[in-house]
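S.K.: Structure file data_8.txt (compact mmCIF, C-alpha atoms and all ligand atoms) right here:
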# COMPACT_ATOMS: atom_id res chain seq x y z
CA MET A 56 -69.83 42.38 -120.99
CA SER A 57 -67.84 39.17 -120.85
CA ASP A 58 -64.27 39.23 -122.12
CA TRP A 59 -65.24 36.53 -124.62
CA THR A 60 -67.83 38.81 -126.21
CA ASN A 61 -65.50 41.80 -125.95
CA VAL A 62 -62.82 40.01 -127.99
CA ILE A 63 -65.18 39.28 -130.89
CA GLN A 64 -66.85 42.68 -130.86
CA ALA A 65 -63.54 44.53 -130.58
CA ALA A 66 -61.95 42.70 -133.51
CA THR A 67 -64.97 42.67 -135.81
CA ILE A 68 -65.43 46.25 -136.93
CA HIS A 69 -67.84 46.41 -139.88
CA ASP A 70 -67.26 48.70 -142.84
CA PRO A 71 -69.92 51.45 -142.59
CA LEU A 72 -69.95 51.95 -146.38
CA SER A 73 -70.45 48.41 -147.66
CA GLY A 74 -71.46 46.55 -144.55
CA ALA A 75 -68.46 44.23 -145.05
CA VAL A 76 -68.09 42.24 -141.84
CA ASN A 77 -64.33 42.69 -141.71
CA THR A 78 -62.40 45.94 -141.60
CA PRO A 79 -61.39 46.82 -145.18
CA ILE A 80 -57.67 47.06 -145.96
CA GLN A 81 -57.42 50.70 -147.03
CA LEU A 82 -54.23 50.93 -149.08
CA SER A 83 -54.01 54.71 -149.29
CA SER A 84 -51.14 56.83 -148.08
CA THR A 85 -53.16 60.03 -148.50
CA PHE A 86 -56.81 61.09 -148.36
CA ASN A 87 -58.72 63.48 -150.61
CA GLN A 88 -59.89 66.64 -148.84
CA THR A 89 -63.24 68.02 -149.96
CA ASP A 90 -63.16 71.33 -148.08
CA PHE A 91 -60.38 73.88 -148.61
CA ASP A 92 -60.62 75.19 -145.04
CA HIS A 93 -61.47 72.11 -143.03
CA PHE A 94 -59.65 68.83 -143.48
CA GLY A 95 -61.26 65.48 -142.78
CA HIS A 96 -60.50 62.97 -140.03
CA PHE A 97 -57.78 61.36 -142.17
CA ASP A 98 -55.17 63.28 -144.15
CA TYR A 99 -51.91 61.31 -144.37
CA ALA A 100 -51.67 57.64 -143.40
CA ARG A 101 -48.75 58.00 -140.98
CA SER A 102 -50.98 60.31 -138.92
CA GLY A 103 -53.90 57.90 -139.12
CA ASN A 104 -55.73 55.59 -141.48
CA PRO A 105 -59.05 53.74 -141.20
CA THR A 106 -57.60 50.22 -141.03
CA ARG A 107 -55.06 51.03 -138.34
CA GLU A 108 -57.71 52.98 -136.45
CA SER A 109 -59.92 49.86 -136.32
CA GLY A 110 -57.00 47.87 -134.92
CA GLU A 111 -56.21 50.60 -132.41
CA LYS A 112 -59.81 50.67 -131.17
CA ALA A 113 -59.68 46.88 -130.83
CA VAL A 114 -56.53 46.76 -128.68
CA ALA A 115 -57.82 49.64 -126.56
CA ALA A 116 -61.12 47.80 -125.95
CA LEU A 117 -59.27 44.57 -125.08
CA GLU A 118 -57.13 46.32 -122.47
CA HIS A 119 -60.14 48.23 -121.07
CA GLY A 120 -58.52 51.48 -122.20
CA LYS A 121 -59.71 54.57 -124.06
CA TYR A 122 -56.72 55.18 -126.32
CA GLY A 123 -54.83 52.58 -128.36
CA TYR A 124 -51.87 52.92 -130.73
CA LEU A 125 -50.38 50.33 -133.06
CA PHE A 126 -46.71 50.19 -133.99
CA SER A 127 -44.61 48.20 -136.44
CA THR A 128 -43.10 46.04 -133.65
CA GLY A 129 -43.28 45.66 -129.89
CA MET A 130 -39.94 47.46 -129.65
CA ALA A 131 -41.29 50.40 -131.67
CA ALA A 132 -44.22 50.60 -129.22
CA ILE A 133 -41.98 50.39 -126.15
CA SER A 134 -39.46 52.88 -127.55
CA SER A 135 -42.22 55.33 -128.37
CA VAL A 136 -43.43 55.18 -124.76
CA LEU A 137 -39.88 55.67 -123.48
CA PHE A 138 -39.46 58.64 -125.83
CA THR A 139 -42.01 60.51 -123.70
CA LEU A 140 -39.14 60.89 -121.17
CA SER A 141 -36.75 63.85 -121.36
CA ALA A 142 -33.08 64.52 -120.62
CA GLY A 143 -32.52 64.41 -116.85
CA ASP A 144 -35.31 61.87 -116.22
CA ASP A 145 -34.73 58.45 -114.66
CA ILE A 146 -36.92 55.36 -114.94
CA VAL A 147 -36.95 52.50 -112.43
CA VAL A 148 -37.10 49.22 -114.31
CA SER A 149 -37.51 45.59 -113.32
CA LYS A 150 -34.18 43.81 -113.66
CA HIS A 151 -36.06 41.01 -115.40
CA VAL A 152 -37.11 43.29 -118.24
CA TYR A 153 -37.22 42.03 -121.87
CA GLY A 154 -33.76 42.14 -123.50
CA GLY A 155 -34.80 44.51 -126.30
CA THR A 156 -36.19 46.98 -123.77
CA PHE A 157 -32.96 46.73 -121.78
CA ARG A 158 -30.98 47.49 -124.96
CA ILE A 159 -32.92 50.74 -125.59
CA LEU A 160 -32.54 51.72 -121.94
CA SER A 161 -28.83 50.98 -121.74
CA ASP A 162 -27.49 51.74 -125.24
CA ILE A 163 -29.69 54.52 -126.64
CA LEU A 164 -31.49 56.56 -123.97
CA PRO A 165 -28.35 57.42 -121.91
CA ARG A 166 -26.96 59.23 -124.99
CA TRP A 167 -29.99 61.51 -124.65
CA GLY A 168 -29.53 62.01 -120.90
CA ILE A 169 -32.26 59.57 -119.84
CA THR A 170 -31.07 57.09 -117.21
CA HIS A 171 -32.55 53.98 -115.64
CA THR A 172 -32.22 52.08 -112.37
CA LEU A 173 -32.61 48.28 -112.39
CA VAL A 174 -34.38 46.75 -109.40
CA ASP A 175 -35.82 43.40 -108.37
CA PHE A 176 -39.54 44.31 -108.38
CA GLY A 177 -40.22 41.43 -106.01
CA ASP A 178 -38.55 43.56 -103.32
CA LEU A 179 -40.89 46.52 -102.76
CA ASP A 180 -38.48 48.25 -100.35
CA ALA A 181 -35.81 48.14 -103.04
CA VAL A 182 -38.26 49.73 -105.51
CA LYS A 183 -39.00 52.53 -103.01
CA ALA A 184 -35.29 53.01 -102.32
CA ALA A 185 -34.52 53.31 -106.03
CA ILE A 186 -36.85 56.31 -106.47
CA LYS A 187 -34.91 59.57 -106.84
CA PRO A 188 -36.08 63.16 -107.37
CA GLU A 189 -35.53 62.71 -111.13
CA THR A 190 -37.52 59.42 -111.33
CA LYS A 191 -40.54 59.74 -113.61
CA ALA A 192 -41.84 56.19 -114.08
CA LEU A 193 -41.82 52.58 -112.88
CA TYR A 194 -41.62 49.91 -115.59
CA ILE A 195 -42.86 46.39 -114.90
CA GLU A 196 -43.22 43.10 -116.74
CA THR A 197 -45.22 40.33 -115.08
CA PRO A 198 -44.77 37.40 -115.50
CA SER A 199 -41.19 38.14 -116.55
CA ASN A 200 -39.19 36.50 -119.28
CA PRO A 201 -37.96 33.73 -119.05
CA VAL A 202 -38.06 33.05 -115.28
CA LEU A 203 -41.75 33.93 -114.84
CA LYS A 204 -41.20 36.22 -111.84
CA ILE A 205 -44.35 37.87 -110.59
CA THR A 206 -44.62 41.55 -109.76
CA ASP A 207 -47.42 42.75 -107.46
CA ILE A 208 -49.06 45.22 -109.83
CA ARG A 209 -51.27 46.88 -107.20
CA ALA A 210 -48.35 47.37 -104.81
CA ILE A 211 -46.18 48.96 -107.53
CA VAL A 212 -49.06 51.23 -108.57
CA ALA A 213 -49.46 52.32 -104.92
CA ILE A 214 -45.75 53.19 -104.69
CA ALA A 215 -45.97 55.09 -107.98
CA LYS A 216 -49.01 57.09 -106.83
CA ASP A 217 -47.31 57.98 -103.51
CA ASN A 218 -44.37 59.36 -105.46
CA ASP A 219 -46.30 60.99 -108.31
CA LEU A 220 -44.86 58.62 -110.90
CA ILE A 221 -46.47 56.84 -113.81
CA THR A 222 -46.49 53.05 -114.15
CA ILE A 223 -45.84 51.27 -117.43
CA ALA A 224 -46.53 47.53 -117.79
CA ASP A 225 -45.46 45.16 -120.55
CA ASN A 226 -48.44 42.77 -120.69
CA THR A 227 -47.14 40.61 -123.57
CA PHE A 228 -46.85 37.35 -121.62
CA LEU A 229 -50.49 37.06 -120.58
CA SER A 230 -52.30 39.12 -123.22
CA PRO A 231 -55.31 41.27 -122.30
CA PHE A 232 -57.46 38.14 -122.16
CA LEU A 233 -55.76 36.97 -118.96
CA GLN A 234 -54.58 40.20 -117.30
CA ASN A 235 -55.65 43.86 -117.52
CA PRO A 236 -53.10 46.12 -115.80
CA LEU A 237 -55.07 49.35 -116.49
CA ASP A 238 -57.85 47.99 -114.23
CA LEU A 239 -55.26 47.73 -111.45
CA GLY A 240 -54.17 51.37 -111.83
CA VAL A 241 -51.31 51.07 -114.33
CA ASP A 242 -51.08 54.15 -116.59
CA ILE A 243 -49.69 52.66 -119.81
CA VAL A 244 -49.82 49.08 -121.10
CA VAL A 245 -47.43 47.99 -123.86
CA HIS A 246 -47.50 44.80 -125.92
CA SER A 247 -45.45 42.90 -128.37
CA ALA A 248 -48.56 42.11 -130.43
CA THR A 249 -46.24 39.82 -132.40
CA LYS A 250 -46.90 37.24 -129.69
CA PHE A 251 -50.32 36.25 -128.30
CA LEU A 252 -52.37 39.09 -129.78
CA ALA A 253 -51.50 38.19 -133.38
CA GLY A 254 -50.92 34.60 -132.29
CA HIS A 255 -49.75 32.89 -135.48
CA SER A 256 -45.99 33.65 -135.80
CA ASP A 257 -46.82 35.63 -138.94
CA ILE A 258 -46.46 39.37 -138.28
CA LEU A 259 -44.49 41.76 -136.09
CA ALA A 260 -46.61 44.33 -134.27
CA GLY A 261 -46.68 46.45 -131.12
CA ALA A 262 -49.42 48.15 -129.12
CA VAL A 263 -49.76 50.87 -126.49
CA VAL A 264 -52.96 51.48 -124.50
CA THR A 265 -53.78 54.11 -121.89
CA ASN A 266 -56.76 55.79 -120.24
CA ASN A 267 -54.89 59.03 -119.58
CA SER A 268 -55.56 61.64 -122.26
CA ASP A 269 -52.35 63.61 -121.56
CA LEU A 270 -50.23 60.49 -121.95
CA ALA A 271 -52.28 59.51 -125.02
CA ASP A 272 -51.53 62.89 -126.63
CA LYS A 273 -47.81 62.45 -125.99
CA ILE A 274 -47.75 58.91 -127.39
CA TYR A 275 -49.76 59.91 -130.46
CA PHE A 276 -47.39 62.83 -131.05
CA ILE A 277 -44.43 60.44 -131.02
CA GLN A 278 -46.20 57.81 -133.12
CA ASN A 279 -46.93 60.41 -135.79
CA ALA A 280 -43.55 62.12 -135.53
CA VAL A 281 -41.35 59.01 -135.54
CA GLY A 282 -43.63 57.02 -137.84
CA ALA A 283 -43.00 53.46 -136.65
CA THR A 284 -46.66 52.66 -137.37
CA LEU A 285 -48.28 49.32 -138.16
CA GLY A 286 -49.10 48.85 -141.87
CA VAL A 287 -52.64 48.15 -142.99
CA LEU A 288 -52.07 44.55 -144.15
CA ASP A 289 -50.47 43.67 -140.83
CA THR A 290 -53.25 45.44 -138.95
CA TRP A 291 -55.78 43.26 -140.75
CA LEU A 292 -53.85 40.11 -139.83
CA LEU A 293 -53.63 41.32 -136.24
CA LEU A 294 -57.42 41.78 -136.12
CA ARG A 295 -57.88 38.33 -137.64
CA GLY A 296 -55.60 36.87 -134.96
CA ILE A 297 -57.34 38.70 -132.12
CA LYS A 298 -60.71 37.14 -132.98
CA THR A 299 -59.48 33.81 -131.58
CA LEU A 300 -57.53 35.27 -128.64
CA GLY A 301 -60.04 33.96 -126.09
CA VAL A 302 -60.07 30.37 -127.30
CA ARG A 303 -56.31 30.32 -127.89
CA MET A 304 -55.42 31.71 -124.46
CA THR A 305 -57.89 29.45 -122.67
CA GLN A 306 -56.77 26.28 -124.43
CA SER A 307 -53.03 27.01 -124.31
CA SER A 308 -53.05 28.00 -120.65
CA GLN A 309 -55.01 24.87 -119.68
CA SER A 310 -52.42 22.79 -121.51
CA ALA A 311 -49.55 24.77 -119.93
CA GLN A 312 -51.00 24.07 -116.48
CA LYS A 313 -51.08 20.31 -117.21
CA ILE A 314 -47.56 20.33 -118.65
CA ALA A 315 -46.21 22.29 -115.67
CA GLN A 316 -47.78 19.77 -113.26
CA TYR A 317 -46.36 16.89 -115.29
CA LEU A 318 -42.86 18.41 -115.33
CA GLU A 319 -43.01 19.23 -111.62
CA GLY A 320 -43.39 15.53 -110.90
CA HIS A 321 -40.58 14.45 -113.25
CA ASP A 322 -37.31 13.38 -111.63
CA LYS A 323 -35.14 14.68 -114.50
CA VAL A 324 -36.53 18.19 -114.08
CA ALA A 325 -34.77 20.26 -111.43
CA ARG A 326 -37.17 23.22 -111.41
CA VAL A 327 -40.42 24.30 -113.06
CA LEU A 328 -41.24 27.99 -113.28
CA TYR A 329 -44.94 28.58 -113.89
CA PRO A 330 -47.14 31.03 -111.96
CA GLY A 331 -50.12 28.65 -112.16
CA LEU A 332 -48.35 26.21 -109.81
CA ALA A 333 -49.14 26.61 -106.11
CA THR A 334 -45.41 26.04 -105.45
CA HIS A 335 -44.45 29.16 -107.44
CA GLU A 336 -43.26 31.96 -105.14
CA GLY A 337 -45.56 34.51 -106.80
CA TYR A 338 -48.62 32.23 -106.98
CA THR A 339 -50.92 34.12 -104.58
CA ILE A 340 -50.17 37.54 -106.01
CA HIS A 341 -50.51 36.20 -109.53
CA GLN A 342 -53.92 34.66 -108.73
CA SER A 343 -55.09 38.03 -107.42
CA GLN A 344 -54.28 39.91 -110.61
CA SER A 345 -54.66 37.40 -113.48
CA LYS A 346 -57.11 34.80 -114.72
CA SER A 347 -54.63 31.93 -115.09
CA GLY A 348 -50.96 31.02 -115.20
CA GLY A 349 -50.79 31.73 -118.93
CA ALA A 350 -49.30 29.71 -121.76
CA VAL A 351 -45.57 30.08 -121.07
CA LEU A 352 -43.47 28.08 -118.62
CA SER A 353 -39.79 27.42 -118.11
CA PHE A 354 -38.09 24.33 -116.75
CA ASP A 355 -34.56 23.36 -115.86
CA VAL A 356 -33.11 20.06 -117.01
CA GLY A 357 -29.90 20.43 -115.01
CA SER A 358 -27.27 21.35 -117.59
CA ALA A 359 -26.66 22.80 -121.03
CA ASP A 360 -25.85 19.31 -122.33
CA ASN A 361 -29.20 18.00 -121.11
CA ALA A 362 -30.99 20.99 -122.62
CA LYS A 363 -29.41 20.16 -125.98
CA VAL A 364 -30.50 16.51 -125.75
CA VAL A 365 -34.09 17.48 -124.92
CA VAL A 366 -34.36 20.11 -127.66
CA GLU A 367 -32.91 17.78 -130.28
CA ALA A 368 -35.18 14.90 -129.28
CA LEU A 369 -38.48 16.82 -129.23
CA THR A 370 -40.48 16.33 -132.41
CA ILE A 371 -43.54 18.58 -131.95
CA PRO A 372 -42.35 22.02 -130.75
CA ILE A 373 -40.41 24.26 -133.05
CA PHE A 374 -37.04 25.35 -131.65
CA SER A 375 -36.88 29.10 -132.03
CA VAL A 376 -37.06 32.49 -130.39
CA SER A 377 -40.49 34.08 -129.89
CA LEU A 378 -43.60 32.76 -128.16
CA GLY A 379 -47.35 33.12 -128.11
CA ALA A 380 -48.34 31.21 -131.22
CA VAL A 381 -50.61 28.36 -132.28
CA GLU A 382 -47.57 26.08 -132.51
CA THR A 383 -45.60 25.17 -129.39
CA ILE A 384 -42.21 26.91 -129.30
CA ILE A 385 -39.25 25.79 -127.22
CA SER A 386 -36.39 28.25 -126.70
CA TYR A 387 -33.03 28.14 -125.00
CA PRO A 388 -32.80 31.57 -123.31
CA PRO A 389 -29.04 31.52 -122.50
CA LYS A 390 -28.25 31.33 -126.23
CA MET A 391 -31.36 33.03 -127.66
CA SER A 392 -33.29 35.85 -125.96
CA HIS A 393 -30.59 36.42 -123.33
CA ALA A 394 -27.45 35.72 -125.37
CA GLU A 395 -26.14 39.23 -124.60
CA LEU A 396 -25.94 38.56 -120.86
CA ASN A 397 -22.62 37.42 -119.40
CA VAL A 398 -22.34 34.44 -117.02
CA GLU A 399 -22.74 36.64 -113.92
CA GLU A 400 -25.80 38.43 -115.31
CA LEU A 401 -27.39 35.13 -116.34
CA LYS A 402 -26.88 33.77 -112.84
CA ASP A 403 -28.21 36.96 -111.27
CA THR A 404 -31.45 36.77 -113.28
CA GLY A 405 -31.94 33.04 -112.58
CA ILE A 406 -31.25 31.92 -116.15
CA THR A 407 -29.45 28.68 -115.35
CA PRO A 408 -27.57 26.66 -118.04
CA GLY A 409 -30.31 23.99 -118.16
CA LEU A 410 -33.23 26.39 -118.52
CA LEU A 411 -35.68 25.88 -121.39
CA ARG A 412 -38.68 28.11 -122.12
CA PHE A 413 -41.84 26.45 -123.41
CA SER A 414 -44.62 28.47 -125.06
CA VAL A 415 -47.57 26.11 -125.32
CA GLY A 416 -49.58 26.15 -128.55
CA LEU A 417 -52.77 24.41 -129.60
CA GLU A 418 -51.53 20.86 -130.17
CA ASP A 419 -53.11 18.08 -128.10
CA VAL A 420 -51.63 18.33 -124.61
CA ASN A 421 -51.26 14.54 -124.37
CA ASP A 422 -49.10 14.54 -127.50
CA LEU A 423 -46.93 17.30 -126.05
CA ILE A 424 -46.51 15.42 -122.76
CA ALA A 425 -45.67 12.18 -124.59
CA ASP A 426 -43.07 14.07 -126.64
CA LEU A 427 -41.52 15.55 -123.47
CA GLU A 428 -41.58 12.10 -121.86
CA GLN A 429 -39.55 10.47 -124.65
CA ALA A 430 -37.11 13.43 -124.79
CA LEU A 431 -36.54 13.56 -121.01
CA ALA A 432 -35.95 9.78 -120.96
CA LEU A 433 -32.78 10.38 -122.96
CA ILE A 434 -31.00 12.42 -120.26
C1 LIG B 501 -41.10 39.96 -128.00
C2 LIG B 501 -41.24 40.88 -126.84
C3 LIG B 501 -41.01 42.26 -126.96
C4 LIG B 501 -40.56 42.90 -128.26
O1 LIG B 501 -41.51 42.83 -129.26
P1 LIG B 501 -41.18 42.74 -130.84
O2 LIG B 501 -42.53 42.63 -131.44
O3 LIG B 501 -40.30 41.55 -131.05
O4 LIG B 501 -40.47 44.01 -131.19
C5 LIG B 501 -41.22 43.05 -125.85
N1 LIG B 501 -41.60 42.53 -124.66
C6 LIG B 501 -41.79 41.21 -124.49
C7 LIG B 501 -42.19 40.69 -123.16
C8 LIG B 501 -41.62 40.34 -125.57
O5 LIG B 501 -41.81 39.02 -125.39
Just dump the structure as structure tokens.
Ligand SMILES: *Cc1c(COP(=O)(O)O)cnc(C)c1O

M.R.:
Amino acid sequence: MSDWTNVIQAATIHDPLSGAVNTPIQLSSTFNQTDFDHFGHFDYARSGNPTRESGEKAVAALEHGKYGYLFSTGMAAISSVLFTLSAGDDIVVSKHVYGGTFRILSDILPRWGITHTLVDFGDLDAVKAAIKPETKALYIETPSNPVLKITDIRAIVAIAKDNDLITIADNTFLSPFLQNPLDLGVDIVVHSATKFLAGHSDILAGAVVTNNSDLADKIYFIQNAVGATLGVLDTWLLLRGIKTLGVRMTQSSQSAQKIAQYLEGHDKVARVLYPGLATHEGYTIHQSQSKSGGAVLSFDVGSADNAKVVVEALTIPIFSVSLGAVETIISYPPKMSHAELNVEELKDTGITPGLLRFSVGLEDVNDLIADLEQALALI
């Protein structure tokens, strides 16, 4: 079945009782049991509820997985996956990992005896060299934030299988409409569903999907035990957002491709980072594992002063953190998502002082280019 059909079928789960086309919002924390000895499928809503279950089936179907879990935020989802590790375990992580994930790995897990090793996942020999007897998993994010580095998913999976490790992939940047890591052998996919899946800058949500029943049992155990679950109202909004995932991703990534090409030819722009450009270092690998370059690009206008001029002159995009919404969002990573990094760390991860991240929404691409044109003319 085509991904387009899959998106609509996955997100449109009819109510078996009434025939209502949309999943009902079941505001119940507990469920009446009719048999003293045998309890029903639902008992207490932290353990499971019909609305969240519909959302979980939807994200699982989108990622071509059997088991899906929804969490209150992307960080709750990622933390719950990391909580499957135990004292003495190590995890090898891309050094371009999302800042919130880095914070859990560096400030919380070491207190519980779980360590991590940061590696440039573009260097496969370095990944192999980082694997120790206590390594349990490889953690990737492709394209990465905000420099859009590409990791070869198949190659990392092969290294993991050789070493009896599991692979975890954060697939937030492309959404399941453009990339399906489970199909390439990844064991666990995580999402900030706050971004493209929900798509409207309205809710916070996180998702985990796997095909492995042992891993699914462990993640469900943690979801139920810790309780960072997605509420029913937010689940409904997530399902509503997912229905248009196909059209949003297609339109926004077409626009992003045009904007990247426009910026690449602009003399005020020092560098454009977008995996849909043939000049991008990860272009060939990206083409082999994804449907398009996606809706996020970054570009360098040479200096922090220039970045300020451009941001202040733009009239269409909102200036904020976050990405993956119907409105175009421009961010300044050195002061926003990566504010915790020092000058050395920023340099090491390629986050130069003039770098701006652009998450393309659904506005007319010609309007966005005209807006960039007038803003860039000022520097
Ligand atoms: C936003 C984001 C997260 C964290 O998700 P929240 O929903 O904000 O908790 C994780 N990974 C990536 C790549 C993100 O962009």

S.K.: Enumerate residues in contact with ligand LIG 501 (chain B): an atom-to-atom distance of at most 6 Å, counting all atoms listed in the file. Format the result as a list in words.

M.R.: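 Counting all atoms listed in the file, the residues within 6 Å of ligand LIG 501 (chain B) come out as Thr128, Gly129, Met130, Tyr153, Thr227, Phe228, Ser247, Thr249, Leu259, Ala260 and Gly261 of chain A.
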
S.K.: Using all atoms listed in the file, pick whichever of A:Ile133, A:Ala359, A:Leu229, A:Ile274 has the shortest atom-to-atom distance to Tyr194 of chain A.

M.R.: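 Of the candidates, the smallest distance to Tyr194 of chain A is held by A:Ile133.
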
S.K.: Could you tell me which of A:Gln316, A:Ser127, A:Asn200, A:Ser345 comes closest to Val263 of chain A if we count all atoms listed in the file?

M.R.: A:Ser127

S.K.: Please compute the atom CA of Ile208 of chain A-atom CA of Pro236 of chain A distance, one decimal, in Å.

M.R.: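 Interatomic distance, atom CA of Ile208 of chain A to atom CA of Pro236 of chain A: 7.3 Å.
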
S.K.: Taking into account all atoms listed in the file, which residue in the set A:Gly240, A:Pro79, A:Pro105, A:Gly177 is nearest to Lys204 of chain A?

M.R.: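 The answer is A:Gly177, which sits nearest to Lys204 of chain A.
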
S.K.: For Leu411 of chain A, which of A:Ala283, A:Leu173, A:Val351, A:Ala253 is the closest residue, counting all atoms listed in the file?

M.R.: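 The closest residue to Leu411 of chain A is A:Val351.
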
S.K.: Let me make sure I understand: among A:Ala311, A:Ala75, A:Leu233, A:Leu401, which one has the smallest atom-to-atom distance to Glu418 of chain A if we use all atoms listed in the file?

M.R.: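 Comparing A:Ala311, A:Ala75, A:Leu233, A:Leu401 against Glu418 of chain A, the winner is A:Ala311.
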
S.K.: I need the residue nearest Ser199 of chain A from this list: A:His93, A:Lys121, A:Lys187, A:Lys150. Use all atoms listed in the file for the distance.

M.R.: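 Of A:His93, A:Lys121, A:Lys187, A:Lys150, the one nearest Ser199 of chain A is A:Lys150, counting all atoms listed in the file.
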
S.K.: To one decimal in Å, tell me the separation between atom CA of Asp70 of chain A and atom CA of Gly103 of chain A.

M.R.: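 So the answer is 16.6 Å.
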
S.K.: Report as a JSON list (two decimals) with C-alpha atoms, keeping the file's coordinate frame all protein, DNA and RNA residues lying within 12 Å of Ile314 of chain A, evaluated on all atoms listed in the file, omitting residues in the same chain fewer than 5 positions from it.

M.R.:
[["chain", "number", "residue", "atom", "x", "y", "z"],
["A", 307, "SER", "CA", -53.03, 27.01, -124.31],
["A", 308, "SER", "CA", -53.05, 28.00, -120.65],
["A", 309, "GLN", "CA", -55.01, 24.87, -119.68],
["A", 319, "GLU", "CA", -43.01, 19.23, -111.62],
["A", 320, "GLY", "CA", -43.39, 15.53, -110.90],
["A", 321, "HIS", "CA", -40.58, 14.45, -113.25],
["A", 327, "VAL", "CA", -40.42, 24.30, -113.06],
["A", 328, "LEU", "CA", -41.24, 27.99, -113.28],
["A", 329, "TYR", "CA", -44.94, 28.58, -113.89],
["A", 331, "GLY", "CA", -50.12, 28.65, -112.16],
["A", 332, "LEU", "CA", -48.35, 26.21, -109.81],
["A", 348, "GLY", "CA", -50.96, 31.02, -115.20],
["A", 349, "GLY", "CA", -50.79, 31.73, -118.93],
["A", 350, "ALA", "CA", -49.30, 29.71, -121.76],
["A", 351, "VAL", "CA", -45.57, 30.08, -121.07],
["A", 352, "LEU", "CA", -43.47, 28.08, -118.62],
["A", 353, "SER", "CA", -39.79, 27.42, -118.11],
["A", 354, "PHE", "CA", -38.09, 24.33, -116.75],
["A", 383, "THR", "CA", -45.60, 25.17, -129.39],
["A", 413, "PHE", "CA", -41.84, 26.45, -123.41],
["A", 414, "SER", "CA", -44.62, 28.47, -125.06],
["A", 415, "VAL", "CA", -47.57, 26.11, -125.32],
["A", 416, "GLY", "CA", -49.58, 26.15, -128.55],
["A", 419, "ASP", "CA", -53.11, 18.08, -128.10],
["A", 420, "VAL", "CA", -51.63, 18.33, -124.61],
["A", 421, "ASN", "CA", -51.26, 14.54, -124.37],
["A", 422, "ASP", "CA", -49.10, 14.54, -127.50],
["A", 423, "LEU", "CA", -46.93, 17.30, -126.05],
["A", 424, "ILE", "CA", -46.51, 15.42, -122.76],
["A", 425, "ALA", "CA", -45.67, 12.18, -124.59],
["A", 426, "ASP", "CA", -43.07, 14.07, -126.64],
["A", 427, "LEU", "CA", -41.52, 15.55, -123.47],
["A", 428, "GLU", "CA", -41.58, 12.10, -121.86]]

S.K.: Using Å and a single decimal, report how far atom CA of Pro231 of chain A sits from atom CA of Tyr275 of chain A.

M.R.: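 So the two atoms, atom CA of Tyr275 of chain A and atom CA of Pro231 of chain A, lie 21.1 Å apart.
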
S.K.: Excluding Met56 of chain A and residues on its chain fewer than 5 positions from it, collect all residues at most 12 Å away from it, counting all atoms listed in the file, and give them as a list of chain:residue names.

M.R.: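 Listing them by chain and then by number gives A:Asn61, A:Val62, A:Ile63, A:Gln64, A:Ala65, A:Ala116, A:Leu117, A:His119.
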
S.K.: Would you save the residues from that selection as a PDB file, in the frame of the given file, using C-alpha atoms?

M.R.:
ATOM      1  CA  ASN A  61     -65.500  41.800-125.950  1.00  0.00           C
ATOM      2  CA  VAL A  62     -62.820  40.010-127.990  1.00  0.00           C
ATOM      3  CA  ILE A  63     -65.180  39.280-130.890  1.00  0.00           C
ATOM      4  CA  GLN A  64     -66.850  42.680-130.860  1.00  0.00           C
ATOM      5  CA  ALA A  65     -63.540  44.530-130.580  1.00  0.00           C
ATOM      6  CA  ALA A 116     -61.120  47.800-125.950  1.00  0.00           C
ATOM      7  CA  LEU A 117     -59.270  44.570-125.080  1.00  0.00           C
ATOM      8  CA  HIS A 119     -60.140  48.230-121.070  1.00  0.00           C
TER       9      HIS A 119
END

S.K.: Name the residues in contact with Ile195 of chain A at a cut-off of 8 Å, using only C-alpha atoms, excluding same-chain residues fewer than 4 positions from it; report them as a list in words.

M.R.: Val148, Ser149, Val152, Phe176, Thr206, Thr222, Ile223, Ala224 and Asp225 of chain A

S.K.: Which residues are near Asn77 of chain A? Cut-off 12 Å, all atoms listed in the file, ignore same chain within fewer than 4 positions. Put them as a list in words.

M.R.: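 The residues satisfying every condition are Ile63, Gln64, Ala65, Ala66, Thr67, Ile68, His69, Asp70, Pro71, Leu72, Ser73, Gln81, Thr106, Ser109, Gly110, Thr290, Trp291, Leu292, Leu294, Arg295 and Lys298 of chain A.
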
S.K.: Would you put the residues from that selection into a file with C-alpha atoms, as a tab-separated table (two decimals), keeping the file's coordinate frame?

M.R.:
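Listing of again-v6.tsv after writing:
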chain	number	residue	atom	x	y	z
A	63	ILE	CA	-65.18	39.28	-130.89
A	64	GLN	CA	-66.85	42.68	-130.86
A	65	ALA	CA	-63.54	44.53	-130.58
A	66	ALA	CA	-61.95	42.70	-133.51
A	67	THR	CA	-64.97	42.67	-135.81
A	68	ILE	CA	-65.43	46.25	-136.93
A	69	HIS	CA	-67.84	46.41	-139.88
A	70	ASP	CA	-67.26	48.70	-142.84
A	71	PRO	CA	-69.92	51.45	-142.59
A	72	LEU	CA	-69.95	51.95	-146.38
A	73	SER	CA	-70.45	48.41	-147.66
A	81	GLN	CA	-57.42	50.70	-147.03
A	106	THR	CA	-57.60	50.22	-141.03
A	109	SER	CA	-59.92	49.86	-136.32
A	110	GLY	CA	-57.00	47.87	-134.92
A	290	THR	CA	-53.25	45.44	-138.95
A	291	TRP	CA	-55.78	43.26	-140.75
A	292	LEU	CA	-53.85	40.11	-139.83
A	294	LEU	CA	-57.42	41.78	-136.12
A	295	ARG	CA	-57.88	38.33	-137.64
A	298	LYS	CA	-60.71	37.14	-132.98

S.K.: Using only C-alpha atoms, which protein or nucleic acid residues come within 8 Å of Lys250 of chain A? Drop anything in the same chain fewer than 6 positions from it, and give the result as a compact mmCIF listing (two decimals) with C-alpha atoms, keeping the file's coordinate frame.

M.R.:
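As a result, part.txt now contains:
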# COMPACT_ATOMS: atom_id res chain seq x y z
CA THR A 227 -47.14 40.61 -123.57
CA SER A 256 -45.99 33.65 -135.80
CA SER A 377 -40.49 34.08 -129.89
CA LEU A 378 -43.60 32.76 -128.16
CA GLY A 379 -47.35 33.12 -128.11
CA ALA A 380 -48.34 31.21 -131.22
